[in-house]
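The structure file model00.txt is reproduced below (compact mmCIF, C-alpha atoms).
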# COMPACT_ATOMS: atom_id res chain seq x y z
CA MET A 220 83.93 98.17 88.86
CA SER A 221 84.58 101.92 88.49
CA THR A 222 88.06 103.43 88.30
CA ASN A 223 87.59 105.09 91.69
CA SER A 224 86.62 101.75 93.26
CA VAL A 225 89.71 100.07 91.80
CA VAL A 226 91.98 102.81 93.15
CA GLU A 227 90.30 102.74 96.58
CA ARG A 228 90.64 98.96 96.80
CA THR A 229 94.26 98.98 95.61
CA LEU A 230 95.32 101.73 98.03
CA GLY A 231 93.11 100.45 100.85
CA SER A 232 95.76 100.20 103.59
CA LEU A 233 97.17 103.62 102.71
CA ARG A 234 93.77 105.32 102.65
CA GLU A 235 92.28 103.77 105.76
CA ASN A 236 95.23 103.40 108.13
CA ARG A 237 97.17 106.52 109.17
CA ALA A 238 99.82 104.51 111.01
CA PHE A 239 100.56 102.39 107.95
CA ARG A 240 100.54 105.51 105.78
CA LEU A 241 103.31 107.05 107.92
CA PHE A 242 105.22 103.77 107.85
CA TRP A 243 104.88 103.55 104.05
CA PHE A 244 106.25 107.07 103.57
CA SER A 245 109.09 106.25 105.96
CA ASN A 246 109.93 103.19 103.85
CA LEU A 247 109.68 105.22 100.64
CA PHE A 248 112.27 107.75 101.78
CA PHE A 249 114.45 105.17 103.56
CA PHE A 250 114.80 102.98 100.46
CA GLY A 251 115.07 106.03 98.23
CA GLY A 252 118.09 106.96 100.31
CA VAL A 253 119.41 103.38 100.13
CA TRP A 254 119.27 103.16 96.33
CA THR A 255 120.67 106.65 95.84
CA GLN A 256 123.64 106.29 98.19
CA THR A 257 124.36 102.76 96.92
CA LEU A 258 124.80 104.15 93.40
CA VAL A 259 126.79 107.18 94.60
CA LEU A 260 129.13 105.19 96.86
CA GLY A 261 129.67 102.58 94.13
CA TRP A 262 130.48 105.37 91.69
CA LEU A 263 132.94 106.93 94.14
CA ALA A 264 134.54 103.52 94.79
CA TYR A 265 135.17 103.06 91.07
CA GLU A 266 136.34 106.65 90.58
CA THR A 267 138.78 106.21 93.47
CA THR A 268 140.23 102.84 92.43
CA HIS A 269 139.30 102.18 88.75
CA SER A 270 139.29 98.52 89.79
CA ASP A 271 136.40 96.16 89.04
CA PHE A 272 137.60 93.82 91.78
CA LEU A 273 137.73 96.51 94.48
CA VAL A 274 134.26 97.70 93.48
CA ALA A 275 133.08 94.08 93.88
CA VAL A 276 134.74 93.97 97.32
CA PHE A 277 132.89 97.16 98.25
CA GLY A 278 129.61 95.57 97.14
CA ALA A 279 130.27 92.39 99.12
CA VAL A 280 131.10 94.34 102.29
CA ARG A 281 128.01 96.48 101.75
CA LEU A 282 125.81 93.34 101.69
CA ALA A 283 127.66 91.46 104.45
CA PRO A 284 125.19 92.54 107.21
CA LEU A 285 122.57 90.35 105.52
CA LEU A 286 124.32 87.43 107.21
CA LEU A 287 123.20 88.81 110.60
CA GLY A 288 119.58 88.12 109.65
CA PRO A 289 118.73 85.44 112.27
CA PHE A 290 120.14 87.53 115.12
CA ALA A 291 118.44 90.65 113.78
CA GLY A 292 115.22 88.62 113.76
CA ALA A 293 115.76 87.62 117.39
CA PHE A 294 116.14 91.30 118.31
CA ALA A 295 112.94 92.09 116.41
CA ASP A 296 111.09 89.44 118.46
CA ARG A 297 112.61 90.63 121.73
CA HIS A 298 112.43 94.43 121.43
CA ASN A 299 109.96 97.05 120.30
CA ARG A 300 110.12 97.04 116.49
CA VAL A 301 109.42 100.74 115.99
CA ARG A 302 112.25 101.59 118.39
CA LEU A 303 114.60 99.34 116.41
CA LEU A 304 113.63 101.09 113.17
CA ILE A 305 114.14 104.53 114.75
CA ILE A 306 117.62 103.44 115.86
CA ALA A 307 118.35 102.06 112.36
CA ALA A 308 117.20 105.26 110.63
CA SER A 309 119.23 107.37 113.09
CA TRP A 310 122.29 105.19 112.50
CA ALA A 311 121.89 105.51 108.72
CA LEU A 312 121.52 109.27 109.05
CA VAL A 313 124.75 109.55 111.06
CA ALA A 314 126.69 107.12 108.83
CA VAL A 315 125.75 108.81 105.54
CA SER A 316 126.36 112.26 107.06
CA ALA A 317 129.87 111.19 108.08
CA VAL A 318 130.70 109.85 104.61
CA ALA A 319 129.15 112.93 102.96
CA THR A 320 131.25 115.20 105.17
CA LEU A 321 134.48 113.37 104.31
CA ALA A 322 133.54 113.36 100.61
CA SER A 323 132.88 117.11 100.74
CA LEU A 324 136.32 117.61 102.30
CA GLY A 325 137.98 115.41 99.66
CA ARG A 326 138.96 112.78 102.23
CA ALA A 327 136.68 109.92 101.15
CA THR A 328 139.35 107.31 100.47
CA TYR A 329 138.43 103.83 99.25
CA TRP A 330 138.52 102.36 102.75
CA VAL A 331 136.37 105.19 104.06
CA LEU A 332 133.82 104.24 101.41
CA VAL A 333 134.05 100.55 102.35
CA LEU A 334 133.57 101.29 106.05
CA GLY A 335 130.79 103.73 105.24
CA GLY A 336 129.04 101.16 103.05
CA PHE A 337 129.31 98.57 105.82
CA ALA A 338 127.93 101.02 108.40
CA ILE A 339 124.99 101.90 106.16
CA GLY A 340 124.44 98.18 105.53
CA LEU A 341 124.19 97.70 109.30
CA ALA A 342 121.31 100.17 109.30
CA GLN A 343 119.47 98.56 106.39
CA SER A 344 119.82 94.78 106.47
CA PRO A 345 119.45 93.93 110.19
CA SER A 346 116.42 96.22 110.44
CA GLN A 347 114.51 94.33 107.75
CA PRO A 348 112.94 91.67 110.03
CA ALA A 349 111.56 94.42 112.27
CA ARG A 350 110.42 96.43 109.23
CA ALA A 351 108.59 93.50 107.64
CA SER A 352 107.03 92.10 110.84
CA LEU A 353 105.75 95.55 111.89
CA VAL A 354 103.34 95.55 108.94
CA LEU A 355 101.12 92.93 110.58
CA ASP A 356 101.01 94.98 113.79
CA LEU A 357 99.81 98.01 111.83
CA VAL A 358 97.24 96.56 109.41
CA GLY A 359 96.16 93.16 110.75
CA ARG A 360 96.02 89.79 109.03
CA GLN A 361 93.20 90.56 106.59
CA ASN A 362 95.01 93.55 105.02
CA LEU A 363 98.49 91.99 105.08
CA SER A 364 98.71 91.12 101.37
CA ASN A 365 97.53 94.58 100.35
CA ALA A 366 99.97 96.31 102.70
CA ASN A 367 102.95 94.16 101.67
CA ALA A 368 102.13 94.78 98.01
CA LEU A 369 102.06 98.53 98.65
CA ASN A 370 105.42 98.27 100.42
CA SER A 371 106.76 96.34 97.43
CA MET A 372 105.39 99.08 95.19
CA ALA A 373 107.35 101.67 97.19
CA LEU A 374 110.50 99.56 96.88
CA ASN A 375 110.04 99.20 93.11
CA MET A 376 109.44 102.93 92.75
CA THR A 377 112.64 103.77 94.61
CA GLN A 378 114.56 101.09 92.69
CA VAL A 379 113.55 102.75 89.42
CA ILE A 380 113.78 106.39 90.50
CA GLY A 381 116.55 106.34 93.13
CA PRO A 382 119.48 105.34 90.89
CA ALA A 383 118.26 107.66 88.13
CA ILE A 384 118.11 110.61 90.53
CA GLY A 385 121.49 109.65 91.97
CA GLY A 386 123.05 109.60 88.51
CA LEU A 387 121.56 112.98 87.62
CA MET A 388 122.74 114.48 90.91
CA ILE A 389 126.28 113.17 90.41
CA THR A 390 126.33 114.80 86.98
CA GLY A 391 124.69 118.07 88.01
CA LEU A 392 125.75 118.58 91.62
CA GLY A 393 128.62 116.19 92.27
CA ALA A 394 128.79 113.03 94.37
CA PRO A 395 129.14 114.75 97.79
CA ALA A 396 125.99 116.82 97.19
CA ALA A 397 124.15 113.65 96.10
CA LEU A 398 125.12 112.03 99.42
CA TRP A 399 123.77 115.04 101.33
CA VAL A 400 120.44 114.73 99.51
CA SER A 401 120.38 111.03 100.46
CA THR A 402 121.05 112.08 104.08
CA PHE A 403 118.03 114.40 103.93
CA TRP A 404 115.85 111.50 102.78
CA TYR A 405 116.95 109.40 105.75
CA ALA A 406 115.98 112.32 108.02
CA ILE A 407 112.46 112.38 106.52
CA SER A 408 112.20 108.61 107.05
CA LEU A 409 113.17 109.04 110.71
CA VAL A 410 110.64 111.84 111.32
CA ALA A 411 107.82 109.73 109.81
CA LEU A 412 108.58 106.91 112.28
CA LEU A 413 108.41 109.02 115.45
CA PRO A 414 104.56 109.12 115.72
CA LEU A 415 104.48 105.29 115.58
CA ARG A 416 106.24 104.72 118.91
CA GLN A 417 103.05 103.27 120.44
CA TYR A 418 103.22 100.36 117.96
CA GLY A 419 105.71 97.52 117.51
CA ARG A 420 104.74 95.65 120.67
CA VAL A 421 106.79 92.70 121.90
CA ILE A 422 105.00 89.32 121.76
CA GLY A 423 105.82 86.59 124.24
CA GLY A 424 108.15 88.28 126.75
CA HIS A 425 111.36 86.60 125.57
CA THR A 426 114.07 86.37 128.23
CA ALA A 427 116.47 83.85 126.64
CA SER A 428 119.78 84.91 125.08
CA ALA A 429 119.89 85.86 121.41
CA VAL A 430 121.72 82.62 120.57
CA ARG A 431 119.06 80.48 122.30
CA MET A 432 116.30 82.45 120.63
CA VAL A 433 117.89 81.86 117.22
CA THR A 434 118.37 78.12 117.78
CA SER A 435 114.87 77.63 119.20
CA GLY A 436 113.44 79.66 116.34
CA LEU A 437 115.26 77.54 113.77
CA ARG A 438 113.84 74.39 115.39
CA GLU A 439 110.30 75.76 115.30
CA ILE A 440 110.65 76.80 111.66
CA ALA A 441 112.09 73.40 110.72
CA ARG A 442 109.01 71.72 112.24
CA ASN A 443 106.67 74.00 110.27
CA ARG A 444 106.50 72.56 106.78
CA LEU A 445 104.68 75.52 105.23
CA ALA A 446 107.16 78.09 106.52
CA ALA A 447 110.14 75.84 105.75
CA THR A 448 108.95 75.39 102.16
CA VAL A 449 108.53 79.13 101.65
CA LEU A 450 112.05 79.69 102.97
CA LEU A 451 113.50 76.94 100.77
CA ILE A 452 111.93 78.54 97.69
CA THR A 453 113.38 81.89 98.79
CA LEU A 454 116.81 80.28 99.17
CA ALA A 455 116.58 78.63 95.74
CA ALA A 456 115.57 81.89 94.04
CA ASN A 457 118.37 83.87 95.69
CA THR A 458 120.90 81.18 94.81
CA LEU A 459 119.91 80.60 91.19
CA LEU A 460 118.27 83.70 89.70
CA TRP A 461 118.46 86.87 91.77
CA PRO A 462 122.27 86.96 91.30
CA VAL A 463 121.61 87.00 87.54
CA ALA A 464 119.30 89.99 87.91
CA GLN A 465 121.75 91.81 90.18
CA SER A 466 125.04 91.08 88.41
CA PHE A 467 124.64 89.95 84.80
CA MET A 468 122.38 92.60 83.24
CA PRO A 469 125.26 94.73 81.85
CA VAL A 470 126.66 91.57 80.21
CA PHE A 471 123.29 90.72 78.64
CA ALA A 472 122.91 94.29 77.42
CA GLN A 473 126.29 94.39 75.70
CA GLU A 474 126.96 90.82 74.59
CA SER A 475 123.50 89.43 73.83
CA LEU A 476 121.59 92.54 72.79
CA GLY A 477 124.23 95.04 71.68
CA LEU A 478 122.84 97.82 73.91
CA ASP A 479 124.74 100.79 75.30
CA ALA A 480 124.41 102.21 78.84
CA ALA A 481 121.16 103.98 77.96
CA GLY A 482 119.74 100.72 76.61
CA LEU A 483 120.72 98.95 79.81
CA GLY A 484 118.90 101.66 81.76
CA TRP A 485 115.73 101.10 79.74
CA LEU A 486 116.03 97.33 80.23
CA LEU A 487 116.22 97.78 84.01
CA THR A 488 113.37 100.28 83.86
CA CYS A 489 111.21 97.60 82.19
CA ALA A 490 111.87 95.30 85.15
CA GLY A 491 110.99 98.06 87.60
CA VAL A 492 107.80 99.01 85.75
CA GLY A 493 106.76 95.35 85.60
CA GLY A 494 107.43 94.92 89.31
CA LEU A 495 105.38 98.01 90.07
CA ALA A 496 102.49 96.70 87.95
CA GLY A 497 102.62 93.27 89.61
CA SER A 498 102.62 94.84 93.08
CA LEU A 499 99.59 96.95 92.18
CA VAL A 500 97.70 93.85 91.00
CA ILE A 501 98.40 92.02 94.27
CA ALA A 502 97.42 95.13 96.24
CA TRP A 503 94.13 95.25 94.30
CA LEU A 504 93.43 91.56 94.98
CA GLY A 505 93.67 92.24 98.72
CA ASP A 506 92.96 89.23 100.98
CA PHE A 507 92.60 86.79 98.08
CA ARG A 508 92.46 82.99 98.27
CA PHE A 509 95.27 80.55 97.42
CA LYS A 510 98.13 82.91 98.25
CA GLY A 511 100.42 79.91 98.51
CA GLY A 512 99.42 78.74 95.04
CA MET A 513 100.11 82.15 93.53
CA PHE A 514 103.51 82.21 95.25
CA VAL A 515 104.51 78.78 93.93
CA VAL A 516 103.09 79.14 90.41
CA GLY A 517 104.23 82.75 90.11
CA THR A 518 107.80 81.84 91.09
CA ALA A 519 107.82 78.95 88.60
CA VAL A 520 106.53 81.19 85.78
CA TRP A 521 109.14 83.80 86.78
CA GLY A 522 111.80 81.11 86.30
CA LEU A 523 110.39 80.09 82.92
CA LEU A 524 110.47 83.70 81.73
CA TRP A 525 114.11 84.00 82.80
CA SER A 526 114.96 80.86 80.82
CA LEU A 527 113.45 82.47 77.70
CA PHE A 528 115.28 85.73 78.41
CA GLY A 529 118.56 83.85 78.66
CA LEU A 530 118.05 82.50 75.13
CA SER A 531 116.80 85.77 73.61
CA HIS A 532 118.93 87.85 71.25
CA SER A 533 116.07 90.09 70.13
CA VAL A 534 115.97 93.53 71.73
CA VAL A 535 112.19 93.85 71.47
CA ALA A 536 111.55 90.35 72.82
CA SER A 537 114.01 90.92 75.67
CA PHE A 538 112.30 94.17 76.69
CA VAL A 539 108.91 92.43 76.70
CA LEU A 540 110.29 89.47 78.63
CA MET A 541 111.97 91.74 81.19
CA THR A 542 108.69 93.56 81.80
CA ALA A 543 106.92 90.20 82.28
CA ILE A 544 109.74 89.08 84.59
CA GLY A 545 109.15 92.21 86.67
CA VAL A 546 105.42 91.46 86.88
CA MET A 547 105.97 87.89 88.05
CA SER A 548 108.71 88.88 90.48
CA ALA A 549 105.96 90.57 92.51
CA ALA A 550 104.32 87.19 93.20
CA PHE A 551 107.60 86.03 94.68
CA GLY A 552 108.70 89.23 96.39
CA VAL A 553 105.39 90.19 98.02
CA LEU A 554 104.06 86.77 98.94
CA GLN A 555 107.22 85.27 100.42
CA THR A 556 106.99 87.76 103.30
CA THR A 557 103.20 87.59 103.53
CA LEU A 558 103.25 83.79 103.77
CA LEU A 559 106.03 83.74 106.37
CA LEU A 560 104.03 86.10 108.59
CA MET A 561 100.85 84.07 108.11
CA THR A 562 102.34 80.61 108.64
CA THR A 563 104.30 81.40 111.83
CA PRO A 564 103.13 82.56 115.27
CA GLU A 565 103.61 86.25 116.12
CA SER A 566 106.29 85.48 118.69
CA LEU A 567 108.40 83.95 115.87
CA HIS A 568 107.88 86.56 113.16
CA GLY A 569 111.16 88.40 113.60
CA ARG A 570 113.26 85.24 113.55
CA ALA A 571 111.41 83.79 110.55
CA LEU A 572 112.07 86.99 108.63
CA GLY A 573 115.65 86.94 109.88
CA VAL A 574 116.13 83.51 108.31
CA GLN A 575 114.63 84.94 105.13
CA GLU A 576 117.23 87.73 105.30
CA LEU A 577 119.96 85.09 105.66
CA ALA A 578 118.61 83.27 102.60
CA ILE A 579 118.84 86.54 100.67
CA GLY A 580 122.36 87.03 102.04
CA ILE A 581 123.63 84.04 100.08
CA MET A 582 123.34 86.14 96.92
CA PRO A 583 126.93 87.56 96.87
CA ALA A 584 128.48 84.08 97.18
CA ALA A 585 126.05 82.68 94.61
CA SER A 586 127.00 85.51 92.25
CA LEU A 587 130.65 84.44 92.38
CA VAL A 588 129.74 80.82 91.58
CA LEU A 589 127.40 81.74 88.75
CA GLY A 590 129.98 84.21 87.47
CA ALA A 591 132.55 81.42 87.26
CA PHE A 592 130.09 79.29 85.25
CA ALA A 593 129.25 82.23 83.00
CA GLU A 594 132.95 82.78 82.34
CA HIS A 595 133.22 79.26 80.88
CA TYR A 596 129.78 78.60 79.39
CA GLY A 597 128.41 82.07 78.71
CA VAL A 598 125.89 84.17 80.58
CA ASP A 599 122.98 83.01 78.39
CA THR A 600 123.58 79.30 79.02
CA THR A 601 124.18 79.91 82.73
CA THR A 602 120.92 81.84 83.05
CA PHE A 603 118.93 79.23 81.14
CA VAL A 604 120.27 76.35 83.27
CA SER A 605 119.77 78.29 86.52
CA ALA A 606 116.20 79.19 85.57
CA VAL A 607 115.31 75.60 84.66
CA LEU A 608 116.84 74.36 87.92
CA LEU A 609 114.72 76.86 89.87
CA VAL A 610 111.53 75.68 88.14
CA LEU A 611 112.39 72.05 88.92
CA MET A 612 113.15 72.86 92.57
CA VAL A 613 109.91 74.81 92.98
CA ALA A 614 107.97 71.92 91.45
CA ALA A 615 109.68 69.43 93.78
CA LEU A 616 108.92 71.58 96.84
CA ALA A 617 105.28 71.94 95.74
CA ILE A 618 105.01 68.15 95.56
CA TRP A 619 106.69 67.89 98.99
CA THR A 620 104.22 70.38 100.52
CA PRO A 621 101.01 70.27 98.45
CA ARG A 622 99.12 72.16 101.18
CA LEU A 623 101.04 75.28 100.26
CA LEU A 624 99.25 75.38 96.89
CA ARG A 625 95.88 75.53 98.70
CA TYR A 626 96.98 77.84 101.50
CA SER A 627 94.92 81.05 101.72
CA GLY A 628 95.99 82.42 105.08
CA ASP A 629 92.58 82.55 106.75
CA HIS A 630 92.28 81.18 110.26
CA SER A 631 89.86 78.44 109.26
CA THR A 632 92.49 76.81 107.05
CA ASP A 633 95.51 77.91 109.03
CA THR A 634 98.02 75.07 109.23
CA THR A 635 100.88 76.90 110.89
CA THR A 636 101.38 74.09 113.36
CA LEU A 637 101.74 71.47 110.66
CA PRO A 638 104.91 69.57 111.68
CA LEU A 639 107.62 68.73 109.21
CA GLU A 640 107.01 65.00 109.50
CA GLU A 641 103.36 65.16 108.39
CA GLY A 642 102.25 65.18 104.76
Take the structure in the file and give it back as structure tokens.
Amino acid sequence: MSTNSVVERTLGSLRENRAFRLFWFSNLFFFGGVWTQTLVLGWLAYETTHSDFLVAVFGAVRLAPLLLGPFAGAFADRHNRVRLLIIAASWALVAVSAVATLASLGRATYWVLVLGGFAIGLAQSPSQPARASLVLDLVGRQNLSNANALNSMALNMTQVIGPAIGGLMITGLGAPAALWVSTFWYAISLVALLPLRQYGRVIGGHTASAVRMVTSGLREIARNRLAATVLLITLAANTLLWPVAQSFMPVFAQESLGLDAAGLGWLLTCAGVGGLAGSLVIAWLGDFRFKGGMFVVGTAVWGLLWSLFGLSHSVVASFVLMTAIGVMSAAFGVLQTTLLLMTTPESLHGRALGVQELAIGIMPAASLVLGAFAEHYGVDTTTFVSAVLLVLMVAALAIWTPRLLRYSGDHSTDTTTLPLEEG
């Protein structure tokens, strides 16, 4: 296969679908703004308080809207998804502009930063079910894996570049100017969404209250063994290992590997580069078979790599392992959303993704628990035990739902109505 053919196949959804291309660019600038302002606001919170605890409080408040996931999913099922994303981008634009204005005037106190972080979190987290479920509306079922992989690629790019740009802007321009640049990126994201207003249709004509929609959605998901298993694996990963990736990397860098801040940056860059590479591979594969098997096996291998990283004290080995961890994280990150959309009916997509958001929202609480273990037993032992537990849980869930290993997502083998009681 020629290089041009590989590129065309990998970027298929971007090349062939103008609506998805606009949506992808909107996501690129939206998450670029998210990562940049997260770093800048965290920096300002520490500069204002010089307290590790208060910075942690800021982070927890910033992530608190994740807990609204099921209700956000109900809204995504009940209302036009593009309209919801336009409202979210507009809200983020106003919220960051307000914080940037106060920072420019020297009035960004700690509690202003906390409230600003919470307001920005309200724009990001509750909009995720609408953002993820809109992909299927734009590209169709056959191109879903490719499109989700390209979205993951955009997220990995912004995760690598956004904080770096934010740090450079703080140094060169100052934190308030960095927030204004982030505001500009949100504006670009909003403009890219406006031509998509004809999309994001509502499926099913829901008239029940949000609470009834959430409870009925939870019942439907509980009866769907494939979707329930995907969500349980997501919950296990966000309880046992994602908190390690989000919270413990500075500790690994200093205590296990003897790296300075620059070394930590390179370690995180390895993870981002690996994630980008893994997303590109999945995008190239397109509508491949056994998506469920890749999700399960990839998540298990991801856990095994983390267990080895927890035991490593070699800088070179740790950099290689972190790159491999990034590659395998794509199998988890891309396919969890793809499988949820494929194994649930369209009228349930928003709520299924809302439950996924709630599973991710357990991460701050899990970080506190794992942090307490790490305080007593060390971060390396804690990571090794957590990783092994994840592998065991994934294996148990694969045995509980063996059909997931064979699931490809095509209509001929679609088992979305498989009830929980059946084997």
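Computed from the coordinates, the atom CA of A:Trp254 to atom CA of A:Phe528 distance equals 25.3 Å.
Of the listed residues (A:Ala394, A:Val598, A:Leu273, A:Leu409), A:Ala394 comes nearest to A:Leu324; the distances count all atoms listed in the file.
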Quick one: residues within 12 Å of A:Arg508, all atoms listed in the file counted, chain neighbours fewer than 4 positions away excluded, as a count of residues only? 15
Please, what distance in Å, to one decimal, runs between atom CA of A:Val430 and atom CA of A:Val301? 22.4 Å
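Of the listed residues (A:Leu398, A:Ala411, A:Ile452, A:Val253), A:Ile452 comes nearest to A:Ile579; the distances count only C-alpha atoms.
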Pairwise distance, atom CA of A:Gln575 with atom CA of A:Ala593, equals 26.7 Å
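Distances here use all atoms listed in the file; by that measure, the residue among A:Ala614, A:Val274, A:Leu577, A:Met541 closest to A:Val515 is A:Ala614.
Of the listed residues (A:Leu454, A:Ile407, A:Leu415, A:Ala291), A:Leu454 comes nearest to A:Ala585; the distances count all atoms listed in the file.
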Nearest residue to A:Gly497 from the set A:Met372, A:Leu611, A:Leu540, A:Leu437 (distances using only C-alpha atoms): A:Met372
I want to know what sits within 12 Å of A:Gly359, based on all atoms listed in the file, with residues of the same chain fewer than 3 positions away left out; could you give that as a PyMOL selection string? chain A and resi 232+236+238-239+352-356+362-367+506+557+560-561+565+629
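Distances from A:Thr328, A:Thr602, A:Ser533, A:Gln473 to A:Gly590 were compared using all atoms listed in the file, and the smallest one belongs to A:Thr602.
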Around the point (118.7, 82.8, 115.7), in the coordinates given by the file, pick out the residues reaching within 10 Å, counting only C-alpha atoms, and return them as a PyMOL selection string. chain A and resi 287-294+428-438+569-571+573-574
